[in-house]
Amino acid sequence: MRVSTTHDPRPTTDGLKSVGLTPAEYDEIVVRLGRVPNPLELQLFGVMWSEHCGYKHSRLTLAMLPMDGPRLVEGPGENAGVVDIGGGWAVAFKMESHNHPSAVDPYNGAATGVGGIIRDVLSMGARPIALLDSLRFGPLDEPGPRAQAAGVVGGIAGYGNCIGVPTVGGELFSDPAYRGNPLVNVACLGLVRRDGIARSRAAGAGNSVIYAGARTGRDGIGGAAFASEELDDRSRREDRSAVQLGDPFAGKLLIEATLEALATGHVVAIQDMGAAGLTCATSEMAARGGVGMAIDLDEVPLRETSMRPDEILRSESQERMLLVVRRGFEHAVMAIFHRWGLQGRVIGAIIDVPELRIGWRGNTVAAIPPYALAEAPAYRPAASEPVGLLERWALDEAALPDMDGHQALLRLLASPDVASKRAVYQQYDHSVQVRTVLPPGAADAAVLRVLEAPPKGIALAVDGNGRYAALDPYRGARLAVAEAAAGLACVGAVPLGLTDCLNFGNPEDPEVFWTFRQAVSGIADACRALRIPVVGGNVSFYNESPDGPIPPTPVVAMVGLLDDVARTRTPAFEAARSTIVLLGRADGRLAGGLFLTELHGLTRGRPDDVDFGPHSRLLAVTREAVANGWLASAHDCADGGIAVTLAECAIAGGVGADITLPDSGPVDAALFGEAPSRIVVSLADEHLPALRDLAAAAGVPLHVLGRTGGDRLRITLSGRRVVDAPITELAQAHDALTKVFA
Amino acid sequence: MRFGVVIFPGSNCDRDCIHVLGSVLRQDVVELWHGKATVDGVDCVVLPGGFAYGDYLRAGAIAATAPVINAVREFATSGGAVIGICNGFQILLEAGLLPGAMLRNDVLQFRCRDVRMRVESTRTPFTSGLRVGQVLRMPIAHGEGNFYAPAPMLDAMEQAGQIVFRYCDAAGAVAAEANPNGAARSIAGISNQQGNVLGLMPHPERASEAILGSTHGRLLFQSAIGWIEGRRSSVVAVR
Amino acid sequence: MATVRIIVTLKQGVLDAQGQAVRQGLRALGYGAVHDVKVGRYVELTVPDTYPPEEIRELCDRLLANPLIEEWRLEGASEPASKRASHSGRPRSEARSPKPEAWGLH
Amino acid sequence: MATVRIIVTLKQGVLDAQGQAVRQGLRALGYGAVHDVKVGRYVELTVPDTYPPEEIRELCDRLLANPLIEEWRLEGASEPASKRASHSGRPRSEARSPKPEAWGLH
Ligand SMILES: Nc1ncnc2c1ncn2[C@@H]1O[C@H](COP(=O)(O)OP(=O)(O)O)[C@@H](O)[C@H]1O
Ligand SMILES: [Mg+2]
């Protein structure tokens with residue numbers, strides 16, 4: 001053992017806490033090392049065993065997720081999941097959170113979130129071709145959340161636009177519960193040749209370890225640990241090096257240089273340096289490959305002089321990659337990075353001994369078996385059903401005062417959850433790369449053409465309903481998966497796989513952990529029912545502020561495939577008069593819905609569960625109808641119920657409709673009640689018989705609701721006109737976010 | 001026909017231009033690297049959009065110092081067809097190949113959306129196949145597209161027929177509401193005095209295939225192909 | 001009316017991507033002897049003659065500079081006026097309205 | 001090594017949208033007494049002690065400021081160093097167009 005170990009007495013509990021470890025974890029480290037760690041080693045364990053890197057509290061629960069499927073090429077375990085799309089091509093995708101950094105510095109936090117997820121996808125050898133952002137803020141009529149939202153959107157735009165990856169979709173919700181702790185989840189999808197997929201498993205003793213990209217500075221030291229703590233006022237105010245700064249220009253160069261380097265065939269393994277920087281990349285790559293790695297810190301390109309070993313190892317400077325390159329080809333690979341104006345330097349080699357050996361100024365300063373760092377201990381935290389949950393399920397609908405349908409519709413359309421997100425996505429370049437067939441705002445899912453394998457298309461949808469998940473995390477998670485799948489069906493896509501971002505409070509709080517476990521099992525069951533794999537994802541715990549934990553917020557991003565991208569549909573009603581049809585259940589329920597929250601200030605009731613048998617059949621019928629070219633429009637019925645859905649179709653097409661709703665229950669529930677498994681389509685009369693036959697054969701209920709035409713939305717229920725509004729008025733209400741982001 | 005697409009560090013529409021010119025219009029396309037002072041004998045130079053050098057300092061300012069710009073300048077002086085799209089337009093301004101300067105959008109935000117623009121001049125290779133008054137629809141995607149020049153300079157440009165495109169509404173009317181960035185006199189594109197160098201903010205390469213919603217962008221490239229062919233045959237005729 | 005001239009720069013050690021790019025541009029133009037470049041922001045305020053200096057300090061901390069990564073000083077001053085201690089007051093997220101970066105358009 | 005501090009601002013008459021936005025932001029935070037705001041750029045160069053001042057002037061004219069819309073001065077100077085007349089130095093033409101003729105306007 002050449003590492004100098006001061007045989008200090010065991011560190012105090014407080015001392016351990018300051019590096020993020022517990023006494024029991026310290027004992028485990030001693031067992032794994034067969035000796036006492038030195039202070040530097042202890043710090044490395046501290047970052048690698050943080051919640052953010054080590055998934056200590058979530059790993060055993062995540063094992064519930066189905067991670068296999070016929071098209072799956074790479075599942076969780078690599079930097080991003082990869083799914084085959086045929087024609088010799090595959091897509092890599094992943095979603096990640098940047099909640100804490102965005103709370104402290106909205107612009108830079110969100111910008112580096114984009115940079116980080118891009119490099120996960122790039123690590124698979126894939127060219128990033130799309131971004132999605134899922135955002136949660138406090139009330140947007142308050143200056144604080146509003147400024148946060150402006151900063152976050154600006155940051156996503158600032159990074160994504162510069163690197164030339166279109167942001168093609170996303171979500172934005174507003175709720176007082178996110179006031180102290182906004183959520184910023186970003187998903188990225190990349191395209192890679194089936195035979196060009198890169199991996200992170202280091203191999204081949206004697207091969208070189210190459211550092212590529214930007215220099216290392218003191219940015220974001222302790223970022224991983226930071227993401228594993230609760231936010232308090234101090235962390236907001238204090239000047240922390242935990243904040244990372246991105247340079248999208250370097251990010252763009254890194255994409256081009258990395259893809260060029262991978263194309264040489266000399267790269268054995270590659271990974272980005274993200275959370276926990278060099279420590280994470282070296283230990284994970286070595287552990288995955290079952291080899292050792294010797295790194296010389298003196299070779300690491302630094303931005304600042306006199307950085308200490310622990311700073312170099314833990315720095316979270318952005319725009320950096322680590323490559324293992326076949327011996328003898330180092331110069332060919334480095335020359336590519338140099339040509340793009342980036343650093344490219346041999347900093348070490350693969351060794352036979354399964355050891356991560358860190359040298360600095362001629363000494364070995366750390367020597368740790370890679371697995372010992374990379375595989376953090378896993379815990380099974382206590383879980384208990386939140387007190388008062390059953391009580392919140394109680395809802396006396398009859399006691400609610402009646403609302404004027406027209407006014408209620410306008411208010412729902414203007415609520416941030418439903419309102420047009422144009423004010424956001426017009427700040428994002430969504431048409432670069434000439435692939436975007438259905439841009440943000442156009443449909444329930446974004447659609448991109450696959451230029452490399454025409455006429456295929458890729459569809460992307462991201463969903464997560466905090467209201468539902470707060471009331472019932474299991475059902476809420478299933479509803480999110482169901483909604484994403486419905487969105488894909490409406491544009492004609494078959495789901496291929498899913499990635500998730502699980503945003504929760506402190507997992508050591510049994511009530512929080514219970515909601516987490518419920519949500520994971522909800523996603524797991526839903527994906528099994530839909531027969532799609534979860535290819536990867538991200539857990540963000542400790543989303544708490546002085547006001548308490550955020551509501552459980554599982555967000556899912558689903559990727560789908562179209563055989564022919566030209567055969568896709570949007571919600572927009574067409575000018576030619578056509579028949580409007582509701583496929584699926586006729587009844588909606590107010591429980592847990594937007595109507596209750598927005599108009600009665602109540603987040604109550606138990607949302608309906610999804611029955612995946614009928615749901616899958618509904619999606620299959622919708623897909624087939626789209627693929628056959630029968631439909632003029634298709635739109636998933638979600639927040640705000642059928643009235644909002646119809647209004648959205650009318651606004652999108654600039655065409656009105658005359659609707660008679662099937663008689664069922666009270667007016668409010670009929671108009672604004674929500675339920676899964678409902679899709680509104682419109683079609684020319686000539687195709688109606690075929691759709692009827694298809695639906696009947698699949699056992700999918702079909703109700704003719706009315707016809708398109710005119711410039712007003714008219715809804716009749718039980719012989720009474722309950723909504724009669726000009727499209728222009730609806731559109732104006734729907735545009736409410738424009739002034740928020742002006 | 002051989003097109004050269006210049007690649008600066010930070011260009012991000014280079015591949016899109018290459019796709020449209022090569023795969024859609026079936027022309028020869030070569031990449032021109034910023035560090036080499038040559039245009040490689042091409043018939044037309046395209047400066048694509050993006051964020052060359054991160055748009056640090058001012059959009060296009062640092063890219064304008066690249067060696068390839070000297071070659072582009074020479075090519076332009078000899079009458080060659082040059083088009084700068086979005087960031088390419090900003091670079092041409094900073095390099096002094098086109099008059100004026102670019103300010104931040106008056107809305108102070110990036111804007112990505114479809115716009116309409118009216119053809120004001122058919123003197124350029126890229127508008128030679130169009131009619132004055134024709135309305136084209138294509139996307140913009142920029143944060144600094146607010147064209148500026150002092151009033152006397154604008155007057156002189158109008159006089160000389162250097163205003164090539166103006167933002168307009170669907171009916172072709174130039175109105176303040178149709179101007180997405182505050183550009184002086186609703187200017188979306190201009191040329192140099194000779195007319196052979198064009199700069200515009202909207203992205204014709206993103207509007208060159210029906211599946212993307214518009215094919216109007218193609219008209220610009222097709223015009224250039226016709227113009228270059230015409231120029232060639234006239235050279236041959238003189239010989 | 002008085003004019004207050006404020007210079008906002010990145011703190012020592014914070015990545016100055018813009019400065020690096022400008023240095024590259026200068027080198028390309030033949031000014032390779034320029035050793036280092038840093039880029040910051042300049043803000044000029046016109047205020048009433050009697051405007052209290054504490055207000056200036058406060059608005060710089062709250063809006064003009066991002067205290068996590070930037071420091072500010074008055075033109076001509078050699079020391080940054082922004083110090084750790086001055087970041088108290090309300091938490092940033094509420095106190096500050098649009099961030100300087102959000103006006104940026106890159 | 002010497003430090004040269006340069007301030008680049010928009011010329012009179014060129015719309016300073018950023019300055020207006022900052023003013024609005026200040027107003028929203030309760031600093032309504034701030035009458036006017038201008039936003040510019042600050043550039044700090046580290047150069048050899050003997051670096052010729054003409055070179056500074058030249059690189060400012062050629063790269064750091066765009067003379068059509070911007071003017072520059074050294075920190076502490078009260079007058080812009082860049083004036084129409086001052087572009088005489090080395091012509092911008094190598095990198096950029098110097099004169100109206102090169103804008104293609106004659
Ligand atoms: N919610 C989740 N569902 C499925 N897989 C997950 C989830 N969270 C994390 N994973 C997987 O665990 C691994 C580690 O995740 P992460 O630390 O986010 O990756 P990285 O180190 O690239 O940031 C990844 O393979 C990721 O896909
Ligand atoms: Mg990773």
# chains A, B, ... in the order shown; residues from 1 in each chain; ligands from 1
$ residues_near_ligand --ligand "ligand 1" --cutoff "8 Å" --atoms "only C-alpha atoms and all ligand atoms" --output "PyMOL selection string"
chain A and resi 52-55+58-59+62+65+67+75-81+94+96+117+120+272+274-275+280+499-502+520+534-539
$ write_last_selection --atoms "N, CA, C and O atoms" --output "CSV table (one decimal), in the first residue's frame"
chain,number,residue,atom,x,y,z
A,52,HIS,N,-27.1,12.1,-4.8
A,52,HIS,CA,-27.1,12.4,-6.2
A,52,HIS,C,-26.3,11.4,-7.1
A,52,HIS,O,-26.8,11.1,-8.1
A,53,CYS,N,-25.2,11.0,-6.6
A,53,CYS,CA,-24.3,10.1,-7.4
A,53,CYS,C,-24.6,8.6,-7.0
A,53,CYS,O,-24.6,7.8,-7.9
A,54,GLY,N,-24.9,8.4,-5.7
A,54,GLY,CA,-25.0,7.0,-5.3
A,54,GLY,C,-26.3,6.4,-5.3
A,54,GLY,O,-26.5,5.2,-5.1
A,55,TYR,N,-27.4,7.2,-5.4
A,55,TYR,CA,-28.8,6.7,-5.4
A,55,TYR,C,-29.0,5.8,-4.1
A,55,TYR,O,-29.7,4.8,-4.2
A,58,SER,N,-32.7,5.4,-3.2
A,58,SER,CA,-33.7,5.1,-4.3
A,58,SER,C,-33.4,3.7,-5.0
A,58,SER,O,-34.2,3.2,-5.6
A,59,ARG,N,-32.1,3.3,-5.0
A,59,ARG,CA,-31.7,2.2,-5.8
A,59,ARG,C,-32.6,1.0,-5.7
A,59,ARG,O,-33.0,0.4,-6.7
A,62,LEU,N,-35.9,1.5,-7.2
A,62,LEU,CA,-35.9,1.6,-8.7
A,62,LEU,C,-35.8,0.3,-9.4
A,62,LEU,O,-36.2,0.1,-10.5
A,65,LEU,N,-38.6,-1.2,-11.5
A,65,LEU,CA,-39.0,-0.7,-12.9
A,65,LEU,C,-38.6,-1.8,-13.9
A,65,LEU,O,-37.6,-2.4,-13.9
A,67,MET,N,-37.0,-3.0,-17.0
A,67,MET,CA,-35.9,-2.3,-17.8
A,67,MET,C,-35.5,-3.2,-19.0
A,67,MET,O,-34.3,-3.2,-19.3
A,75,GLY,N,-29.9,-0.3,-21.4
A,75,GLY,CA,-30.8,0.2,-20.4
A,75,GLY,C,-30.1,1.0,-19.3
A,75,GLY,O,-29.0,1.5,-19.5
A,76,PRO,N,-30.7,1.2,-18.2
A,76,PRO,CA,-30.1,1.9,-17.1
A,76,PRO,C,-28.7,1.3,-16.8
A,76,PRO,O,-28.6,0.1,-16.9
A,77,GLY,N,-27.8,2.1,-16.4
A,77,GLY,CA,-26.5,1.6,-16.1
A,77,GLY,C,-25.5,2.3,-17.0
A,77,GLY,O,-24.4,2.5,-16.7
A,78,GLU,N,-25.9,2.6,-18.2
A,78,GLU,CA,-25.1,3.5,-19.1
A,78,GLU,C,-25.5,4.9,-18.9
A,78,GLU,O,-26.5,5.2,-18.2
A,79,ASN,N,-24.9,5.8,-19.6
A,79,ASN,CA,-25.2,7.2,-19.4
A,79,ASN,C,-26.6,7.6,-19.9
A,79,ASN,O,-27.1,8.6,-19.4
A,80,ALA,N,-27.1,6.9,-20.9
A,80,ALA,CA,-28.4,7.1,-21.3
A,80,ALA,C,-28.9,5.8,-21.9
A,80,ALA,O,-28.1,5.0,-22.3
A,81,GLY,N,-30.2,5.6,-21.9
A,81,GLY,CA,-30.8,4.4,-22.5
A,81,GLY,C,-30.8,4.5,-24.0
A,81,GLY,O,-30.8,5.6,-24.6
A,94,LYS,N,-32.5,10.4,-22.2
A,94,LYS,CA,-32.4,10.5,-20.8
A,94,LYS,C,-33.0,11.8,-20.3
A,94,LYS,O,-32.9,12.8,-21.0
A,96,GLU,N,-33.0,14.5,-16.8
A,96,GLU,CA,-32.3,14.8,-15.6
A,96,GLU,C,-32.8,16.1,-15.0
A,96,GLU,O,-33.3,17.0,-15.6
A,117,ILE,N,-27.3,17.2,-19.5
A,117,ILE,CA,-28.0,16.1,-20.1
A,117,ILE,C,-27.6,15.8,-21.6
A,117,ILE,O,-27.6,14.7,-22.1
A,120,ASP,N,-24.7,13.5,-21.4
A,120,ASP,CA,-25.1,12.1,-21.2
A,120,ASP,C,-25.4,11.4,-22.5
A,120,ASP,O,-25.0,10.2,-22.7
A,272,ASP,N,-19.1,11.4,-19.8
A,272,ASP,CA,-19.0,12.9,-19.5
A,272,ASP,C,-18.6,13.0,-18.1
A,272,ASP,O,-18.7,12.1,-17.3
A,274,GLY,N,-19.7,14.8,-15.2
A,274,GLY,CA,-20.9,15.6,-14.7
A,274,GLY,C,-20.8,15.7,-13.2
A,274,GLY,O,-19.8,16.2,-12.7
A,275,ALA,N,-21.8,15.2,-12.5
A,275,ALA,CA,-21.7,15.3,-11.0
A,275,ALA,C,-20.5,14.6,-10.5
A,275,ALA,O,-20.1,13.5,-11.0
A,280,CYS,N,-16.1,10.8,-10.4
A,280,CYS,CA,-17.2,9.9,-10.8
A,280,CYS,C,-16.9,9.3,-12.2
A,280,CYS,O,-17.1,8.0,-12.3
A,499,THR,N,-38.2,7.5,-20.0
A,499,THR,CA,-37.2,7.9,-19.0
A,499,THR,C,-38.0,8.8,-18.0
A,499,THR,O,-39.0,9.4,-18.4
A,500,ASP,N,-37.5,8.8,-16.8
A,500,ASP,CA,-38.3,9.5,-15.8
A,500,ASP,C,-37.4,10.4,-15.0
A,500,ASP,O,-36.2,10.3,-14.9
A,501,CYS,N,-38.0,11.4,-14.3
A,501,CYS,CA,-37.3,12.2,-13.4
A,501,CYS,C,-38.2,12.2,-12.2
A,501,CYS,O,-39.4,12.7,-12.2
A,502,LEU,N,-37.7,11.8,-11.0
A,502,LEU,CA,-38.6,11.6,-9.8
A,502,LEU,C,-38.2,12.7,-8.8
A,502,LEU,O,-37.1,12.6,-8.2
A,520,VAL,N,-43.0,5.1,-7.9
A,520,VAL,CA,-42.1,4.2,-8.7
A,520,VAL,C,-42.9,3.0,-9.1
A,520,VAL,O,-42.9,2.5,-10.2
A,534,VAL,N,-38.3,1.1,-19.1
A,534,VAL,CA,-37.8,2.4,-18.5
A,534,VAL,C,-36.3,2.3,-18.8
A,534,VAL,O,-35.6,1.5,-18.2
A,535,VAL,N,-35.8,3.2,-19.7
A,535,VAL,CA,-34.4,3.0,-20.1
A,535,VAL,C,-33.4,3.8,-19.2
A,535,VAL,O,-32.2,3.7,-19.4
A,536,GLY,N,-34.0,4.5,-18.3
A,536,GLY,CA,-33.1,5.3,-17.4
A,536,GLY,C,-33.8,6.5,-16.9
A,536,GLY,O,-35.0,6.7,-17.2
A,537,GLY,N,-33.2,7.2,-16.0
A,537,GLY,CA,-33.9,8.3,-15.4
A,537,GLY,C,-33.0,9.0,-14.4
A,537,GLY,O,-31.8,8.9,-14.4
A,538,ASN,N,-33.7,9.7,-13.5
A,538,ASN,CA,-33.0,10.4,-12.5
A,538,ASN,C,-33.9,10.6,-11.3
A,538,ASN,O,-35.1,10.8,-11.4
A,539,VAL,N,-33.3,10.6,-10.1
A,539,VAL,CA,-34.0,10.9,-8.9
A,539,VAL,C,-33.5,12.2,-8.3
A,539,VAL,O,-32.3,12.4,-8.1
$ select_by_dssp --residues "stretch 7-228 of chain B" --states "strand (DSSP E)" --output "PyMOL selection string"
chain B and resi 7+28-33+44-47+81-85+101-103+111-119+135-142+146-148+163-168+187-191+197-200
$ interface_residues --of "chain A" --to "chain B" --cutoff "9 Å" --atoms "only C-alpha atoms" --output "MDAnalysis selection string"
chainID A and resid 154 157:158 161:165 247:250 252:253 340:341 425:438 449 565:566 742
$ residues_around --residues "stretch 683-691 of chain A" --least-positions-apart "2" --cutoff "10 Å" --atoms "only C-alpha atoms" --output "PyMOL selection string"
chain A and resi 573-574+576-581+583+621-622+624-625+628-634+681+693-697+702+704+707-708
$ interface_residues --of "chain B" --to "chain D" --cutoff "9 Å" --atoms "only C-alpha atoms" --output "JSON, numbers by chain"
{"B": [57, 58, 61, 62, 64, 65, 69, 70, 93, 94, 95, 96, 97, 98, 99, 100, 101, 102, 103, 104, 105, 106, 107, 108, 148, 149, 150, 153, 156, 157, 160, 192, 193, 194]}
$ write_last_selection --atoms "N, CA, C and O atoms" --output "CSV table (one decimal), in the first residue's frame"
chain,number,residue,atom,x,y,z
B,57,LEU,N,-18.9,39.0,-27.3
B,57,LEU,CA,-18.7,40.4,-27.7
B,57,LEU,C,-19.9,41.0,-28.5
B,57,LEU,O,-20.7,41.6,-27.9
B,58,ARG,N,-19.9,40.8,-29.7
B,58,ARG,CA,-21.1,41.1,-30.5
B,58,ARG,C,-21.3,39.9,-31.5
B,58,ARG,O,-20.3,39.3,-31.9
B,61,ALA,N,-18.9,39.2,-34.5
B,61,ALA,CA,-17.7,40.1,-34.4
B,61,ALA,C,-16.4,39.3,-34.5
B,61,ALA,O,-15.4,39.6,-35.2
B,62,ILE,N,-16.3,38.2,-33.7
B,62,ILE,CA,-15.1,37.5,-33.7
B,62,ILE,C,-14.9,36.6,-34.9
B,62,ILE,O,-13.8,36.5,-35.5
B,64,ALA,N,-15.8,37.4,-37.8
B,64,ALA,CA,-15.4,38.3,-38.9
B,64,ALA,C,-13.9,38.4,-39.0
B,64,ALA,O,-13.3,38.9,-40.0
B,65,THR,N,-13.2,37.9,-37.9
B,65,THR,CA,-11.7,38.0,-38.0
B,65,THR,C,-11.1,36.7,-38.5
B,65,THR,O,-9.8,36.7,-38.6
B,69,ILE,N,-12.7,34.7,-44.0
B,69,ILE,CA,-13.4,35.9,-44.4
B,69,ILE,C,-12.7,36.7,-45.4
B,69,ILE,O,-13.3,37.3,-46.3
B,70,ASN,N,-11.4,36.7,-45.4
B,70,ASN,CA,-10.6,37.4,-46.4
B,70,ASN,C,-10.8,36.7,-47.8
B,70,ASN,O,-11.0,37.4,-48.8
B,93,LEU,N,-22.0,41.6,-41.7
B,93,LEU,CA,-22.1,43.0,-41.2
B,93,LEU,C,-20.8,43.4,-40.5
B,93,LEU,O,-20.2,44.4,-40.7
B,94,GLU,N,-20.4,42.5,-39.6
B,94,GLU,CA,-19.2,42.8,-38.8
B,94,GLU,C,-17.9,42.8,-39.7
B,94,GLU,O,-17.0,43.5,-39.4
B,95,ALA,N,-18.0,42.0,-40.7
B,95,ALA,CA,-16.8,42.0,-41.6
B,95,ALA,C,-16.8,43.1,-42.6
B,95,ALA,O,-15.9,43.3,-43.4
B,96,GLY,N,-17.9,43.9,-42.6
B,96,GLY,CA,-17.9,45.1,-43.5
B,96,GLY,C,-18.3,44.7,-44.9
B,96,GLY,O,-18.2,45.5,-45.8
B,97,LEU,N,-18.8,43.5,-45.1
B,97,LEU,CA,-19.2,43.1,-46.5
B,97,LEU,C,-20.6,43.6,-46.8
B,97,LEU,O,-21.0,43.6,-47.9
B,98,LEU,N,-21.3,43.9,-45.7
B,98,LEU,CA,-22.6,44.5,-45.9
B,98,LEU,C,-22.7,45.7,-44.9
B,98,LEU,O,-22.0,45.7,-43.9
B,99,PRO,N,-23.5,46.7,-45.3
B,99,PRO,CA,-23.6,47.9,-44.4
B,99,PRO,C,-24.6,47.7,-43.3
B,99,PRO,O,-25.5,47.0,-43.4
B,100,GLY,N,-24.3,48.4,-42.2
B,100,GLY,CA,-25.2,48.4,-41.0
B,100,GLY,C,-24.7,47.6,-39.9
B,100,GLY,O,-23.5,47.1,-39.9
B,101,ALA,N,-25.5,47.4,-38.9
B,101,ALA,CA,-25.1,46.7,-37.7
B,101,ALA,C,-26.4,46.0,-37.1
B,101,ALA,O,-27.5,46.4,-37.5
B,102,MET,N,-26.1,45.0,-36.2
B,102,MET,CA,-27.2,44.3,-35.7
B,102,MET,C,-27.3,44.6,-34.2
B,102,MET,O,-26.3,44.5,-33.5
B,103,LEU,N,-28.5,45.0,-33.7
B,103,LEU,CA,-28.8,45.2,-32.3
B,103,LEU,C,-29.6,44.0,-31.8
B,103,LEU,O,-30.2,43.2,-32.6
B,104,ARG,N,-29.7,43.9,-30.5
B,104,ARG,CA,-30.5,42.9,-29.9
B,104,ARG,C,-32.0,43.2,-30.3
B,104,ARG,O,-32.4,44.3,-30.4
B,105,ASN,N,-32.7,42.1,-30.4
B,105,ASN,CA,-34.2,42.2,-30.6
B,105,ASN,C,-34.8,43.2,-29.6
B,105,ASN,O,-34.4,43.2,-28.5
B,106,ASP,N,-35.7,44.0,-30.1
B,106,ASP,CA,-36.3,45.0,-29.2
B,106,ASP,C,-37.0,44.3,-28.0
B,106,ASP,O,-37.1,44.9,-27.0
B,107,VAL,N,-37.5,43.1,-28.3
B,107,VAL,CA,-38.2,42.4,-27.2
B,107,VAL,C,-37.2,41.8,-26.2
B,107,VAL,O,-37.6,41.3,-25.1
B,108,LEU,N,-35.9,41.9,-26.5
B,108,LEU,CA,-34.9,41.4,-25.6
B,108,LEU,C,-34.9,40.0,-25.3
B,108,LEU,O,-34.5,39.5,-24.3
B,148,TYR,N,-29.9,47.7,-37.8
B,148,TYR,CA,-29.7,49.2,-37.5
B,148,TYR,C,-28.8,49.8,-38.5
B,148,TYR,O,-27.7,49.2,-38.9
B,149,ALA,N,-29.1,51.0,-39.0
B,149,ALA,CA,-28.1,51.8,-39.7
B,149,ALA,C,-28.7,53.3,-39.5
B,149,ALA,O,-29.9,53.5,-39.4
B,150,PRO,N,-27.8,54.2,-39.5
B,150,PRO,CA,-28.2,55.6,-39.4
B,150,PRO,C,-29.1,56.0,-40.6
B,150,PRO,O,-29.0,55.4,-41.7
B,153,MET,N,-27.8,56.5,-44.1
B,153,MET,CA,-27.3,55.3,-44.7
B,153,MET,C,-28.5,54.5,-45.2
B,153,MET,O,-28.4,53.9,-46.3
B,156,ALA,N,-29.7,55.9,-48.4
B,156,ALA,CA,-28.8,55.6,-49.5
B,156,ALA,C,-29.0,54.1,-49.9
B,156,ALA,O,-29.0,53.8,-51.1
B,157,MET,N,-29.2,53.3,-48.9
B,157,MET,CA,-29.5,51.9,-49.3
B,157,MET,C,-30.8,51.7,-50.0
B,157,MET,O,-30.8,50.9,-51.0
B,160,ALA,N,-30.2,52.8,-53.5
B,160,ALA,CA,-29.4,51.9,-54.3
B,160,ALA,C,-30.0,50.5,-54.5
B,160,ALA,O,-29.4,49.6,-55.0
B,192,ASN,N,-25.3,44.0,-50.7
B,192,ASN,CA,-24.3,45.1,-50.9
B,192,ASN,C,-24.7,45.8,-52.2
B,192,ASN,O,-25.7,45.5,-52.8
B,193,GLN,N,-23.9,46.8,-52.5
B,193,GLN,CA,-24.4,47.7,-53.6
B,193,GLN,C,-24.4,46.9,-55.0
B,193,GLN,O,-25.3,47.1,-55.8
B,194,GLN,N,-23.4,46.1,-55.2
B,194,GLN,CA,-23.4,45.3,-56.4
B,194,GLN,C,-24.5,44.3,-56.5
B,194,GLN,O,-24.9,43.9,-57.5
$ interface_residues --of "chain A" --to "chain C" --cutoff "9 Å" --atoms "only C-alpha atoms" --output "PyMOL selection string"
chain A and resi 103-108+143-148+150-155+157-159+161-162+180+217-219+233-234+236-241+243+245-247+249-250+303-304+317
$ interface_residues --of "chain D" --to "chain C" --cutoff "7 Å" --atoms "only C-alpha atoms" --output "number ranges by chain"
D: 7, 18, 25, 33-47, 75-76
$ atom_distance --atom1 "atom CA of A:Ile270" --atom2 "atom CA of A:Asn185"
24.0 Å
$ atom_distance --atom1 "atom CA of B:Ala76" --atom2 "atom CA of B:Gly145"
23.0 Å
$ closest_residue --among "A:Ile156, A:Leu590, A:Val667, A:Ala276" --to "ligand 2" --atoms "only C-alpha atoms and all ligand atoms"
A:Ala276
$ atom_distance --atom1 "atom CA of A:Val365" --atom2 "atom CA of A:Val353"
16.4 Å
$ closest_residue --among "A:Lys56, A:Lys456, A:Arg194, A:Arg467" --to "A:Arg392" --atoms "only C-alpha atoms"
A:Arg467
$ residues_around --residues "B:Gly41" --least-positions-apart "4" --cutoff "12 Å" --atoms "only C-alpha atoms" --output "MDAnalysis selection string"
chainID B and resid 1:4 28:32 37 45 71:72 74:75 80
$ residues_around --residues "A:Leu479" --least-positions-apart "4" --cutoff "8 Å" --atoms "only C-alpha atoms" --output "number ranges by chain"
A: 465, 468, 475, 483, 609-610, 676
$ closest_residue --among "A:Gly277, A:Gly206, A:Gly592, A:Pro440" --to "ligand 2" --atoms "only C-alpha atoms and all ligand atoms"
A:Gly277
